[in-house]
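Read the structure below first, then the notes.
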Amino acid sequence: MAGDKSGQSNVDRRSVLALGGAGLVAASFSASTEAGAKDARGFDQEVDIICVGSGAAGLAAAVTATANGDKVIVIDKQPIAGGTTLKSGAAAWLPGNSMMKAAAGQTDDEDACIRYMCRFAYPRQYAPDLPDYGVGPERMALLRAFYRNAALVEDRLRKLGALDLVTFEIPGSTTVATDYAPGLPENKGIRGRTMWAKPMPDGTFGGPAMIARMTGWLEKQGVPVLTGHEATALIMAQGRATGLEVKTADSTIRLGARKGVIFASGGFAHSETLLRLHQPPVLGSCAMPSSTGDFIPIAEAVGAAMGTLSTAWRMQVVLEEAMANRVLAQGVFIPPGDAMLEVNRLGKRAVNEKRHYSDRTQVHFEYSLTNDDYPNDVMIMIFDQRGIDIYGGAYPIPEKAGDSPYIITGNTLADLASAIAARMATLKTIIGEAPLASDFAANLEASVARFNQFARTGVDEDFARGSNPHEAEWMPFFSPRRAGAPPADKEQRYPNSVLHPLTDNGPYYAILLGPGALDTCGGPLTDAEARILDSKGKPIPGLFGAGNCISSPTGGQYFGGGGTIGPALTFAYIAANSAHV
């Protein structure tokens with residue numbers, strides 16, 4: 001969806017509308033401050049709740065707080081509203097939602113769902129016979145709060161008319177999506193937890209639809225969404241957050257918050273300093289450029305405790321594209337094609353290429369105790385001319401080989417190996433020496449031959465590709481056949497729809513892949529009421545958080561499609577209700 005041209009035009013149009021509306025509000029607000037309207041405490045304006053960030057989390061918090069009767073302001077340092085949500089497909093993983101029964105004929109038992117989340121998010125700690133299933137009371141409280149509020153936020157926003165979420169059916173089919181680890185016994189093949197924003201009447205869909213509905217609702221309620229307003233510091237009084245210092249284009253203003261400040265300002269995928277300190281390599285991200293971890297120093301300054309800072313919603317990226325600009329339009333979510341494999345610097349496969357993006361990207365961080373290096377730091381996507389003829393245009397495969405500067409070509413696999421080595425030699429300043437193994441070419445040929453044999457039998461003996469039905473279900477979406485491609489029923493059929501042999505003759509192609517992220521999801525600790533905690537585990541009065549700027553309540557695991565936005569909406573709803581009390 002990120003590459004859909006009609007979707008892009010909607011983003012631009014909606015963004016202009018959002019900017020125009022916010023600009024008018026900001027202009028009138030600036031006029032009042034220039035008139036000397038500060039109160040006795042030096043606030044330029046005081047409301048009940050300030051929401052920082054205008055993505056899914058910030059807007060959901062603002063809608064919930066407004067519906068509770070609170071006076072609200074939303075600020076965002078970007079020039080347009082929407083945050084990274086604006087670029088997303090607007091899917092939201094919401095367990096127990098109201099439509100699961102009708103869409104998939106299933107109900108979502110709380111205990112079974114909690115077991116699935118514990119098992120998937122904390123596999124090292126998970127023990128089904130221990131209290132809290134081994135994950136500890138703090139983690140359990142967060143997961144239970146997520147489950148128990150996910151359906152409530154969906155229902156609340158829908159009844160308000162602020163957001164209309166429907167069951168996610170895989171585009172191009174009527175298949176209701178499973179989660180991303182449906183094979184786990186704790187999951188039991190549940191379908192329907194993923195929802196997404198219903199398209200607008202004018203055809204706007206995905207992230208732009210989600211943002212347009214919520215900003216439109218807030219506009220009708222007279223709630224300002226102030227773009228170009230950057231939170232720089234909390235204002236504290238007797239240990240309580242009572243407001244914010246906010247930098248605008250031409251001044252610094254002080255906003256007061258009678259009930260609370262809710263941060264939903266994004267992660268730090270574009271702070272190279274924080275990435276170097278806390279993350280394995282993140283070469284690029286499709287998060288908005290404003291995702292620089294602003295909340296971390298702001299929260300630290302008032303004594304907030306940091307949770308894990310090493311988690312992220314991960315995805316592979318085209319290495320050379322990220323080198324050119326780390327702010328990316330999209331990443332390699334599920335590599336397209338059936339006759340496609342990824343090999344490492346040894347020329348060997350190391351992963352199920354159809355595993356979902358966040359899990360699959362972890363392969364880049366595997367350390368070799370034998371060679372004292374990271375053989376998978378660069379993964380190399382291999383495909384053939386048939387891959388272009390049938391799947392060309394499905395990112396990152398170009399419609400024509402010459403259309404992409406990042407594609408590497410060889411008439412034979414041996415030629416391709418030589419060309420890969422030459423290309424990687426030009427990238428030393430980014431990836432270090434990272435030499436290919438001396439027997440890379442031989443290993444590449446052996447890996448392709450072994451892959452082809454798996455394709456003919458239908459069984460991937462190394463990485464079980466295609467053993468989970470959802471991998472085949474997602475093929476039409478992530479691997480759409482291009483217009484004019486030979487019909488599938490005219491090709492020789494193989495037993496596993498996600499495996500197809502590469503052709504015996506070239507040309508062959510390669511694209512270098514590296515580790516990236518949708519965004520990070522680490523930051524200050526929160527409790528089950530979305531309150532920011534201090535170093536003693538006590539809530540900081542008046543300070544709340546949701547979304548990617550806090551330590552992920554779900555442990556940084558991608559449970560299913562919408563695994564980022566679902567928790568963001570839910571904890572934003574919790575935060576607004578907690579602040580209202």
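Ordered as shown in the structure tokens, chains take letters A, B, and onward, while each chain numbers its residues from 1 and ligands are numbered from 1 in the order shown.
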
Notebook entry, point to check: Which polymer residues have any atom within 9 Å of an atom of segment 137-142 of chain A, counting only C-alpha atoms, with same-chain residues fewer than 2 positions away left out, as a list of chain:residue names?
Noted result: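 Surrounding residues, per the criterion: A:Ile114, A:Cys118, A:Pro131, A:Asp132, A:Tyr133, A:Gly134, A:Val135, A:Arg144, A:Ala145, A:Phe146, A:Tyr147, A:Thr526, A:Asp527, A:Ala528, A:Glu529, A:Ala530, A:Pro553, A:Thr554, A:Gly555.
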
Residues just named, written with all heavy atoms as a compact mmCIF listing (two decimals), in the first residue's frame:
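Output contents, as saved in again.txt:
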# COMPACT_ATOMS: atom_id res chain seq x y z
N ILE A 114 -3.58 -13.98 26.35
CA ILE A 114 -2.47 -13.59 27.21
C ILE A 114 -1.33 -14.60 27.10
O ILE A 114 -0.15 -14.23 27.04
CB ILE A 114 -2.94 -13.46 28.67
CG1 ILE A 114 -3.91 -12.29 28.83
CG2 ILE A 114 -1.74 -13.30 29.62
CD1 ILE A 114 -3.30 -10.92 28.66
N CYS A 118 2.44 -13.70 25.96
CA CYS A 118 3.58 -14.02 26.82
C CYS A 118 4.57 -14.92 26.10
O CYS A 118 5.78 -14.70 26.15
CB CYS A 118 3.11 -14.69 28.10
SG CYS A 118 2.23 -13.62 29.25
N PRO A 131 3.32 -18.63 38.19
CA PRO A 131 2.50 -17.41 38.32
C PRO A 131 2.91 -16.39 37.26
O PRO A 131 4.10 -16.24 36.95
CB PRO A 131 2.83 -16.92 39.74
CG PRO A 131 3.31 -18.14 40.47
CD PRO A 131 4.01 -18.98 39.45
N ASP A 132 1.92 -15.70 36.73
CA ASP A 132 2.16 -14.71 35.67
C ASP A 132 2.88 -15.33 34.48
O ASP A 132 3.54 -14.63 33.70
CB ASP A 132 2.96 -13.51 36.20
CG ASP A 132 2.23 -12.75 37.29
OD1 ASP A 132 1.01 -12.59 37.17
OD2 ASP A 132 2.88 -12.36 38.27
N TYR A 133 2.76 -16.65 34.34
CA TYR A 133 3.38 -17.39 33.23
C TYR A 133 4.87 -17.12 33.10
O TYR A 133 5.45 -17.23 32.02
CB TYR A 133 2.65 -17.09 31.91
CG TYR A 133 1.19 -17.42 31.96
CD1 TYR A 133 0.24 -16.58 31.38
CD2 TYR A 133 0.73 -18.57 32.61
CE1 TYR A 133 -1.11 -16.87 31.45
CE2 TYR A 133 -0.62 -18.87 32.68
CZ TYR A 133 -1.53 -18.02 32.10
OH TYR A 133 -2.88 -18.31 32.17
N GLY A 134 5.49 -16.73 34.20
CA GLY A 134 6.92 -16.54 34.22
C GLY A 134 7.41 -15.19 33.77
O GLY A 134 8.61 -14.91 33.87
N VAL A 135 6.53 -14.33 33.28
CA VAL A 135 7.00 -13.05 32.72
C VAL A 135 7.07 -11.96 33.78
O VAL A 135 7.64 -10.89 33.52
CB VAL A 135 6.11 -12.59 31.55
CG1 VAL A 135 6.02 -13.67 30.48
CG2 VAL A 135 4.72 -12.18 32.01
N ARG A 144 -2.35 -7.55 30.33
CA ARG A 144 -3.77 -7.65 30.68
C ARG A 144 -4.49 -6.31 30.42
O ARG A 144 -5.63 -6.29 29.94
CB ARG A 144 -3.95 -8.06 32.13
CG ARG A 144 -3.60 -9.53 32.38
CD ARG A 144 -4.33 -10.10 33.59
NE ARG A 144 -3.91 -11.47 33.83
CZ ARG A 144 -4.36 -12.54 33.18
NH1 ARG A 144 -5.26 -12.38 32.22
NH2 ARG A 144 -3.93 -13.75 33.48
N ALA A 145 -3.82 -5.21 30.72
CA ALA A 145 -4.42 -3.91 30.43
C ALA A 145 -4.64 -3.75 28.93
O ALA A 145 -5.67 -3.20 28.50
CB ALA A 145 -3.52 -2.79 30.96
N PHE A 146 -3.69 -4.21 28.14
CA PHE A 146 -3.85 -4.14 26.69
C PHE A 146 -5.06 -4.96 26.24
O PHE A 146 -5.94 -4.45 25.54
CB PHE A 146 -2.56 -4.65 26.02
CG PHE A 146 -2.63 -4.72 24.51
CD1 PHE A 146 -3.31 -3.78 23.77
CD2 PHE A 146 -1.98 -5.75 23.84
CE1 PHE A 146 -3.36 -3.84 22.38
CE2 PHE A 146 -2.02 -5.83 22.46
CZ PHE A 146 -2.72 -4.88 21.74
N TYR A 147 -5.12 -6.22 26.67
CA TYR A 147 -6.24 -7.07 26.25
C TYR A 147 -7.57 -6.46 26.69
O TYR A 147 -8.53 -6.40 25.90
CB TYR A 147 -6.09 -8.48 26.83
CG TYR A 147 -7.28 -9.35 26.49
CD1 TYR A 147 -7.28 -10.12 25.33
CD2 TYR A 147 -8.41 -9.36 27.29
CE1 TYR A 147 -8.40 -10.88 24.98
CE2 TYR A 147 -9.53 -10.12 26.95
CZ TYR A 147 -9.51 -10.88 25.80
OH TYR A 147 -10.61 -11.62 25.46
N THR A 526 6.24 2.66 31.81
CA THR A 526 4.88 3.01 32.22
C THR A 526 4.28 1.86 33.02
O THR A 526 4.78 0.73 32.97
CB THR A 526 3.97 3.28 31.01
OG1 THR A 526 3.87 2.07 30.23
CG2 THR A 526 4.49 4.40 30.15
N ASP A 527 3.20 2.15 33.71
CA ASP A 527 2.45 1.10 34.36
C ASP A 527 1.20 0.80 33.55
O ASP A 527 1.01 1.33 32.44
CB ASP A 527 2.12 1.46 35.81
CG ASP A 527 1.20 2.67 35.95
OD1 ASP A 527 0.66 3.15 34.93
OD2 ASP A 527 1.03 3.14 37.09
N ALA A 528 0.33 -0.05 34.09
CA ALA A 528 -0.86 -0.47 33.36
C ALA A 528 -1.88 0.65 33.19
O ALA A 528 -2.85 0.50 32.44
CB ALA A 528 -1.51 -1.65 34.08
N GLU A 529 -1.67 1.78 33.87
CA GLU A 529 -2.54 2.95 33.70
C GLU A 529 -1.88 4.00 32.81
O GLU A 529 -2.32 5.16 32.78
CB GLU A 529 -2.89 3.53 35.06
CG GLU A 529 -3.72 2.58 35.92
CD GLU A 529 -4.06 3.16 37.28
OE1 GLU A 529 -4.70 4.23 37.34
OE2 GLU A 529 -3.67 2.55 38.30
N ALA A 530 -0.82 3.60 32.11
CA ALA A 530 -0.10 4.47 31.17
C ALA A 530 0.57 5.65 31.86
O ALA A 530 0.86 6.67 31.23
CB ALA A 530 -1.01 4.95 30.05
N PRO A 553 4.73 -1.74 25.90
CA PRO A 553 3.97 -2.60 26.82
C PRO A 553 3.84 -4.04 26.33
O PRO A 553 3.51 -4.92 27.12
CB PRO A 553 2.59 -1.92 26.87
CG PRO A 553 2.80 -0.53 26.39
CD PRO A 553 3.92 -0.63 25.40
N THR A 554 4.09 -4.26 25.06
CA THR A 554 3.98 -5.61 24.50
C THR A 554 5.35 -6.25 24.27
O THR A 554 5.47 -7.21 23.51
CB THR A 554 3.19 -5.58 23.18
OG1 THR A 554 3.83 -4.70 22.24
CG2 THR A 554 1.76 -5.11 23.41
N GLY A 555 6.36 -5.70 24.91
CA GLY A 555 7.68 -6.32 24.83
C GLY A 555 8.38 -6.17 23.50
O GLY A 555 9.36 -6.85 23.24

Next item on the list: Fewer than 4 positions away in the same chain doesn't count, so skip those; otherwise give me all residues within 10 Å of Asn505 of chain A, counting only C-alpha atoms, as a count of residues only.
Entry: 5

Notebook entry, point to check: Which of segment 349-440 of chain A counts as strand (DSSP E) under DSSP, as number ranges by chain please?
Noted result: A: 379-384, 407-410

Could you write those residues out with all heavy atoms, as a compact mmCIF listing (two decimals), in the first residue's frame?
# COMPACT_ATOMS: atom_id res chain seq x y z
N MET A 379 22.35 -9.29 4.04
CA MET A 379 21.70 -10.42 3.38
C MET A 379 21.49 -10.05 1.92
O MET A 379 21.25 -8.89 1.58
CB MET A 379 20.38 -10.76 4.05
CG MET A 379 20.53 -11.30 5.48
SD MET A 379 21.41 -12.90 5.58
CE MET A 379 20.21 -14.00 4.84
N ILE A 380 21.58 -11.05 1.06
CA ILE A 380 21.59 -10.80 -0.38
C ILE A 380 20.40 -11.52 -1.00
O ILE A 380 20.31 -12.76 -0.97
CB ILE A 380 22.90 -11.30 -1.00
CG1 ILE A 380 24.10 -10.65 -0.28
CG2 ILE A 380 22.94 -10.99 -2.50
CD1 ILE A 380 25.41 -11.38 -0.47
N MET A 381 19.47 -10.75 -1.51
CA MET A 381 18.26 -11.28 -2.12
C MET A 381 18.55 -11.68 -3.56
O MET A 381 18.99 -10.86 -4.38
CB MET A 381 17.16 -10.22 -2.07
CG MET A 381 15.84 -10.61 -2.69
SD MET A 381 14.65 -9.24 -2.49
CE MET A 381 13.42 -9.72 -3.71
N ILE A 382 18.33 -12.95 -3.88
CA ILE A 382 18.65 -13.53 -5.18
C ILE A 382 17.37 -13.88 -5.90
O ILE A 382 16.47 -14.51 -5.33
CB ILE A 382 19.52 -14.81 -5.02
CG1 ILE A 382 20.75 -14.54 -4.15
CG2 ILE A 382 19.88 -15.37 -6.39
CD1 ILE A 382 21.78 -13.64 -4.77
N PHE A 383 17.26 -13.52 -7.19
CA PHE A 383 16.11 -13.90 -8.00
C PHE A 383 16.54 -13.94 -9.47
O PHE A 383 17.70 -13.62 -9.79
CB PHE A 383 14.92 -12.96 -7.77
CG PHE A 383 15.23 -11.49 -7.95
CD1 PHE A 383 14.88 -10.82 -9.11
CD2 PHE A 383 15.85 -10.76 -6.94
CE1 PHE A 383 15.15 -9.48 -9.27
CE2 PHE A 383 16.13 -9.41 -7.08
CZ PHE A 383 15.77 -8.77 -8.25
N ASP A 384 15.62 -14.32 -10.33
CA ASP A 384 15.96 -14.51 -11.73
C ASP A 384 15.11 -13.61 -12.62
O ASP A 384 14.32 -12.80 -12.14
CB ASP A 384 15.82 -15.99 -12.12
CG ASP A 384 14.43 -16.54 -11.86
OD1 ASP A 384 13.50 -15.73 -11.62
OD2 ASP A 384 14.24 -17.77 -11.90
N ILE A 407 20.22 -2.77 -8.11
CA ILE A 407 20.16 -4.15 -8.56
C ILE A 407 21.52 -4.56 -9.13
O ILE A 407 22.22 -3.77 -9.77
CB ILE A 407 19.03 -4.35 -9.59
CG1 ILE A 407 18.68 -5.83 -9.73
CG2 ILE A 407 19.39 -3.74 -10.93
CD1 ILE A 407 17.38 -6.07 -10.47
N ILE A 408 21.93 -5.79 -8.84
CA ILE A 408 23.20 -6.35 -9.30
C ILE A 408 22.87 -7.49 -10.26
O ILE A 408 21.97 -8.29 -9.98
CB ILE A 408 24.03 -6.87 -8.11
CG1 ILE A 408 24.24 -5.75 -7.08
CG2 ILE A 408 25.37 -7.41 -8.58
CD1 ILE A 408 24.82 -6.23 -5.76
N THR A 409 23.60 -7.57 -11.39
CA THR A 409 23.25 -8.50 -12.45
C THR A 409 24.42 -9.41 -12.80
O THR A 409 25.58 -9.00 -12.76
CB THR A 409 22.83 -7.71 -13.72
OG1 THR A 409 21.81 -6.78 -13.37
CG2 THR A 409 22.31 -8.63 -14.80
N GLY A 410 24.08 -10.65 -13.16
CA GLY A 410 25.08 -11.59 -13.67
C GLY A 410 24.43 -12.56 -14.63
O GLY A 410 23.31 -13.03 -14.40

Can you write out as a Markdown table which residues of segment 149-236 of chain A fall within 7 Å of segment 564-579 of chain A, alongside each residue's closest atom pair and its distance in Å to one decimal, counting only C-alpha atoms and ordering rows by chain and ascending residue number?
| residue | atom | partner | partner_atom | distance |
| --- | --- | --- | --- | --- |
| A:Asn149 | CA | A:Thr570 | CA | 6.1 |
| A:Ala150 | CA | A:Thr570 | CA | 5.3 |
| A:Val153 | CA | A:Thr570 | CA | 6.0 |

What would the file look like if the residues just selected were written as a PDB file, in the first residue's frame with N, CA, C and O atoms?
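Result file follows (selection08.pdb):
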ATOM      1  N   ASN A 149      -8.537  -3.464  27.339  1.00  0.00           N
ATOM      2  CA  ASN A 149      -8.916  -2.150  26.812  1.00  0.00           C
ATOM      3  C   ASN A 149      -8.929  -2.077  25.296  1.00  0.00           C
ATOM      4  O   ASN A 149      -9.450  -1.104  24.742  1.00  0.00           O
ATOM      5  N   ALA A 150      -8.360  -3.078  24.615  1.00  0.00           N
ATOM      6  CA  ALA A 150      -8.268  -3.026  23.153  1.00  0.00           C
ATOM      7  C   ALA A 150      -9.644  -2.944  22.507  1.00  0.00           C
ATOM      8  O   ALA A 150      -9.891  -2.123  21.614  1.00  0.00           O
ATOM      9  N   VAL A 153     -11.379   0.598  23.273  1.00  0.00           N
ATOM     10  CA  VAL A 153     -10.994   1.776  22.493  1.00  0.00           C
ATOM     11  C   VAL A 153     -11.595   1.698  21.095  1.00  0.00           C
ATOM     12  O   VAL A 153     -12.067   2.707  20.552  1.00  0.00           O
TER      13      VAL A 153
END

Next item on the list: Report the residues of segment 114-350 of chain A whose backbone DSSP state falls under helix (DSSP H, G or I), written as an MDAnalysis selection string.
Entry: chainID A and resid 114:121 131:134 137:160 206:220 272:278 295:300 319:324

Would you save the residues from that selection as a compact mmCIF listing (two decimals), in the first residue's frame, using C-alpha atoms?
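Below is the file part-v1.txt, written as the result:
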# COMPACT_ATOMS: atom_id res chain seq x y z
CA ILE A 114 -2.47 -13.59 27.21
CA ARG A 115 -0.63 -16.92 26.91
CA TYR A 116 0.03 -16.22 23.24
CA MET A 117 1.38 -12.74 23.98
CA CYS A 118 3.58 -14.02 26.82
CA ARG A 119 4.92 -16.90 24.74
CA PHE A 120 5.67 -14.76 21.70
CA ALA A 121 6.99 -11.66 23.48
CA PRO A 131 2.50 -17.41 38.32
CA ASP A 132 2.16 -14.71 35.67
CA TYR A 133 3.38 -17.39 33.23
CA GLY A 134 6.92 -16.54 34.22
CA PRO A 137 3.73 -9.12 37.51
CA GLU A 138 4.69 -5.83 35.83
CA ARG A 139 4.72 -7.30 32.33
CA MET A 140 1.57 -9.28 33.01
CA ALA A 141 -0.25 -6.17 34.19
CA LEU A 142 0.62 -4.36 30.95
CA LEU A 143 -0.51 -7.26 28.77
CA ARG A 144 -3.77 -7.65 30.68
CA ALA A 145 -4.42 -3.91 30.43
CA PHE A 146 -3.85 -4.14 26.69
CA TYR A 147 -6.24 -7.07 26.25
CA ARG A 148 -8.95 -5.58 28.47
CA ASN A 149 -8.92 -2.15 26.81
CA ALA A 150 -8.27 -3.03 23.15
CA ALA A 151 -11.92 -3.76 22.38
CA LEU A 152 -13.01 -0.76 24.46
CA VAL A 153 -10.99 1.78 22.49
CA GLU A 154 -12.21 0.36 19.18
CA ASP A 155 -15.82 0.53 20.37
CA ARG A 156 -15.43 4.01 21.87
CA LEU A 157 -13.82 5.61 18.84
CA ARG A 158 -16.35 4.00 16.48
CA LYS A 159 -19.38 5.15 18.50
CA LEU A 160 -17.96 8.67 18.67
CA GLY A 206 -4.89 3.46 5.17
CA GLY A 207 -3.01 5.91 7.35
CA PRO A 208 -4.43 9.02 5.67
CA ALA A 209 -7.96 7.74 6.37
CA MET A 210 -7.19 7.05 10.03
CA ILE A 211 -5.63 10.49 10.52
CA ALA A 212 -8.33 12.31 8.54
CA ARG A 213 -11.16 10.81 10.59
CA MET A 214 -9.61 11.67 13.94
CA THR A 215 -8.39 15.15 13.00
CA GLY A 216 -11.76 15.84 11.39
CA TRP A 217 -13.54 14.82 14.58
CA LEU A 218 -11.25 16.97 16.71
CA GLU A 219 -11.74 19.93 14.40
CA LYS A 220 -15.51 19.68 14.85
CA GLU A 272 21.83 8.27 15.18
CA THR A 273 23.25 9.05 18.64
CA LEU A 274 20.55 7.10 20.48
CA LEU A 275 20.72 4.30 17.91
CA ARG A 276 24.47 3.92 18.41
CA LEU A 277 24.02 3.79 22.19
CA HIS A 278 21.08 1.44 22.46
CA PHE A 295 10.72 12.28 25.02
CA ILE A 296 13.75 10.43 26.41
CA PRO A 297 15.76 13.46 27.63
CA ILE A 298 12.57 15.33 28.57
CA ALA A 299 11.46 12.42 30.77
CA GLU A 300 14.95 11.81 32.18
CA LEU A 319 21.03 -1.31 1.87
CA GLU A 320 22.14 1.17 -0.78
CA GLU A 321 18.83 3.02 -0.72
CA ALA A 322 19.21 3.54 3.02
CA MET A 323 22.78 4.73 2.48
CA ALA A 324 21.46 7.40 0.12

Using only C-alpha atoms, what table do you get, as CSV, when you list each residue of segment 493-546 of chain A with an atom no more than 12 Å from segment 72-92 of chain A, its nearest pair of atoms, and their distance in Å rounded to one decimal, rows by chain then rising number?
residue,atom,partner,partner_atom,distance
A:Leu518,CA,A:Thr84,CA,8.8
A:Asp519,CA,A:Thr84,CA,8.8
A:Thr520,CA,A:Thr84,CA,11.9

Checklist line | segment 171-184 of chain A surroundings by only C-alpha atoms, 6 Å radius, close-in-sequence under 3 positions cut, as a PyMOL selection string | finding: chain A and resi 187+189+191-192+477+559-560

Next item on the list: With a distance cut-off of 6 Å and only C-alpha atoms, select the neighbouring residues of segment 355-366 of chain A, excluding the residue or stretch itself and same-chain residues fewer than 5 positions from it, and output the selection as an MDAnalysis selection string.
Entry: chainID A and resid 313:316 333 376:377 515

Notebook entry, point to check: With only C-alpha atoms as the atoms that count, which of A:Leu255, A:Leu309, A:Ala127, A:Ala112 lies nearest to Gln279 of chain A?
Noted result: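 Smallest separation from Gln279 of chain A among the options: A:Leu309.
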
Margin query: Please list as JSON, numbers by chain every residue within 12 Å of Ala237 of chain A, counting only C-alpha atoms and excluding residues in the same chain fewer than 3 positions away.
Written below: {"A": [41, 234, 240, 241, 242, 243, 244, 256, 257, 258, 302, 540, 541, 542]}

Check: What lies within 7 Å of Thr232 of chain A using only C-alpha atoms, ignoring chain neighbours under 3 positions off, as a PyMOL selection string?
Finding: chain A and resi 245-247+298

Please dump the current selection as a short mmCIF file (atom, residue, chain, number, x, y, z; two decimals), in the first residue's frame; keep N, CA, C and O atoms.
data_model
loop_
_atom_site.label_atom_id
_atom_site.label_comp_id
_atom_site.auth_asym_id
_atom_site.auth_seq_id
_atom_site.Cartn_x
_atom_site.Cartn_y
_atom_site.Cartn_z
N GLU A 245 7.05 23.45 28.07
CA GLU A 245 7.67 24.50 27.25
C GLU A 245 7.67 24.02 25.82
O GLU A 245 8.05 22.87 25.53
N VAL A 246 7.26 24.88 24.92
CA VAL A 246 7.06 24.50 23.52
C VAL A 246 7.74 25.51 22.62
O VAL A 246 7.53 26.73 22.75
N LYS A 247 8.55 25.01 21.73
CA LYS A 247 9.27 25.87 20.77
C LYS A 247 8.49 25.94 19.47
O LYS A 247 8.10 24.93 18.90
N ILE A 298 13.59 14.56 27.84
CA ILE A 298 12.57 15.33 28.57
C ILE A 298 12.13 14.55 29.81
O ILE A 298 12.01 15.11 30.90
#

Note to self: Nearest residue to Lys538 of chain A out of A:Ala304, A:Ile253, A:Ile262, A:Ala339, using only C-alpha atoms?
What the structure shows: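 The answer is A:Ala304, which sits nearest to Lys538 of chain A.
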
Check: Looking at A:Gly136, A:Gly260, A:Gly303, A:Pro289, which one is nearest to Lys536 of chain A, with distances taken over only C-alpha atoms?
Finding: A:Gly303
